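**Student:** For reference, the structure I am asking about is given below.
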Amino acid sequence: MRAARRQALLDLDLTDRRFGYPLEMVVKAARAGWRIREVDVDYAPRTGRSKVDRHGPGDAAHGGDMAKVWPS
């Protein structure tokens, strides 16, 4: 889970709206000097089948999206 104030998040000017979004957010937040920390949260076990676990054409799109925002 990620939490941020709306305006600060908008100010990061995130452009990827697909699989690279989470990585782009963390990279740009770190560069902007945000304090980033990991906090454990309780959650219920997932029910049903995950749509992310499937393999296929989406894997290539996922890899391509991540490569666009990976820090150099």
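Every chain in the structure tokens takes a letter, A first, then B, and so on in the order presented; its residues are numbered from 1, and the ligands are numbered from 1 following the presented order.
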Excluding Arg5 (chain A) and its own-chain neighbours fewer than 6 positions away, which residues fall within 12 Å of it when counting only C-alpha atoms? Please give them as a PyMOL selection string.
**Tutor:** chain A and resi 11-12+29+34
**Student:** For the selection you just gave me, I'd like the residues written to a file as a PDB file, in the first residue's frame, keeping all heavy atoms.
**Tutor:**
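Output below, filename result.pdb:
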ATOM      1  N   ASP A  11       2.282  16.328  -8.260  1.00  0.00           N
ATOM      2  CA  ASP A  11       3.508  17.071  -8.563  1.00  0.00           C
ATOM      3  C   ASP A  11       4.645  16.176  -9.059  1.00  0.00           C
ATOM      4  O   ASP A  11       5.591  16.672  -9.677  1.00  0.00           O
ATOM      5  CB  ASP A  11       3.984  17.856  -7.330  1.00  0.00           C
ATOM      6  CG  ASP A  11       3.069  19.021  -7.000  1.00  0.00           C
ATOM      7  OD1 ASP A  11       2.249  19.419  -7.857  1.00  0.00           O
ATOM      8  OD2 ASP A  11       3.156  19.529  -5.852  1.00  0.00           O
ATOM      9  N   LEU A  12       4.550  14.872  -8.811  1.00  0.00           N
ATOM     10  CA  LEU A  12       5.580  13.961  -9.324  1.00  0.00           C
ATOM     11  C   LEU A  12       5.496  13.834 -10.840  1.00  0.00           C
ATOM     12  O   LEU A  12       6.429  13.368 -11.480  1.00  0.00           O
ATOM     13  CB  LEU A  12       5.443  12.571  -8.688  1.00  0.00           C
ATOM     14  CG  LEU A  12       5.808  12.449  -7.228  1.00  0.00           C
ATOM     15  CD1 LEU A  12       5.612  11.010  -6.759  1.00  0.00           C
ATOM     16  CD2 LEU A  12       7.237  12.898  -6.961  1.00  0.00           C
ATOM     17  N   ALA A  29       9.599   9.754  -6.419  1.00  0.00           N
ATOM     18  CA  ALA A  29       9.445  10.198  -5.035  1.00  0.00           C
ATOM     19  C   ALA A  29      10.798  10.257  -4.339  1.00  0.00           C
ATOM     20  O   ALA A  29      11.098  11.212  -3.619  1.00  0.00           O
ATOM     21  CB  ALA A  29       8.492   9.265  -4.281  1.00  0.00           C
ATOM     22  N   TRP A  34      11.365  12.546  -1.006  1.00  0.00           N
ATOM     23  CA  TRP A  34      10.317  12.025  -0.117  1.00  0.00           C
ATOM     24  C   TRP A  34      10.918  11.028   0.863  1.00  0.00           C
ATOM     25  O   TRP A  34      11.854  10.298   0.532  1.00  0.00           O
ATOM     26  CB  TRP A  34       9.249  11.302  -0.914  1.00  0.00           C
ATOM     27  CG  TRP A  34       8.327  12.167  -1.705  1.00  0.00           C
ATOM     28  CD1 TRP A  34       8.558  13.426  -2.179  1.00  0.00           C
ATOM     29  CD2 TRP A  34       7.031  11.803  -2.154  1.00  0.00           C
ATOM     30  NE1 TRP A  34       7.475  13.856  -2.889  1.00  0.00           N
ATOM     31  CE2 TRP A  34       6.524  12.885  -2.890  1.00  0.00           C
ATOM     32  CE3 TRP A  34       6.254  10.665  -2.008  1.00  0.00           C
ATOM     33  CZ2 TRP A  34       5.264  12.864  -3.474  1.00  0.00           C
ATOM     34  CZ3 TRP A  34       4.997  10.638  -2.584  1.00  0.00           C
ATOM     35  CH2 TRP A  34       4.513  11.735  -3.304  1.00  0.00           C
TER      36      TRP A  34
END
**Student:** When DSSP works through the backbone of this structure, what residues of region 12-53 of chain A end up as helix (DSSP H, G or I), shown as a PyMOL selection string?
**Tutor:** chain A and resi 21-31
**Student:** Report, in Å to a single decimal, how far apart CA of Asp16 (chain A) and CA of Ile36 (chain A) are.
**Tutor:**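 Separation of CA of Ile36 (chain A) and CA of Asp16 (chain A): 20.1 Å.
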**Student:** Hey, can you check how far CA of Lys68 (chain A) sits from CA of Leu23 (chain A)?
**Tutor:**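 These atoms are spaced 9.9 Å apart.
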**Student:** Which one is closest to Met1 (chain A): A:Thr15, A:Met25, A:Gly20, A:Val39? Count only C-alpha atoms.
**Tutor:**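 Among the listed residues, A:Val39 lies closest to Met1 (chain A).
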**Student:** With only C-alpha atoms as the basis for distance, which of A:Ala44, A:Ala67, A:Ala32, A:Glu38 is at the shortest distance from Asp13 (chain A)?
**Tutor:** A:Ala32
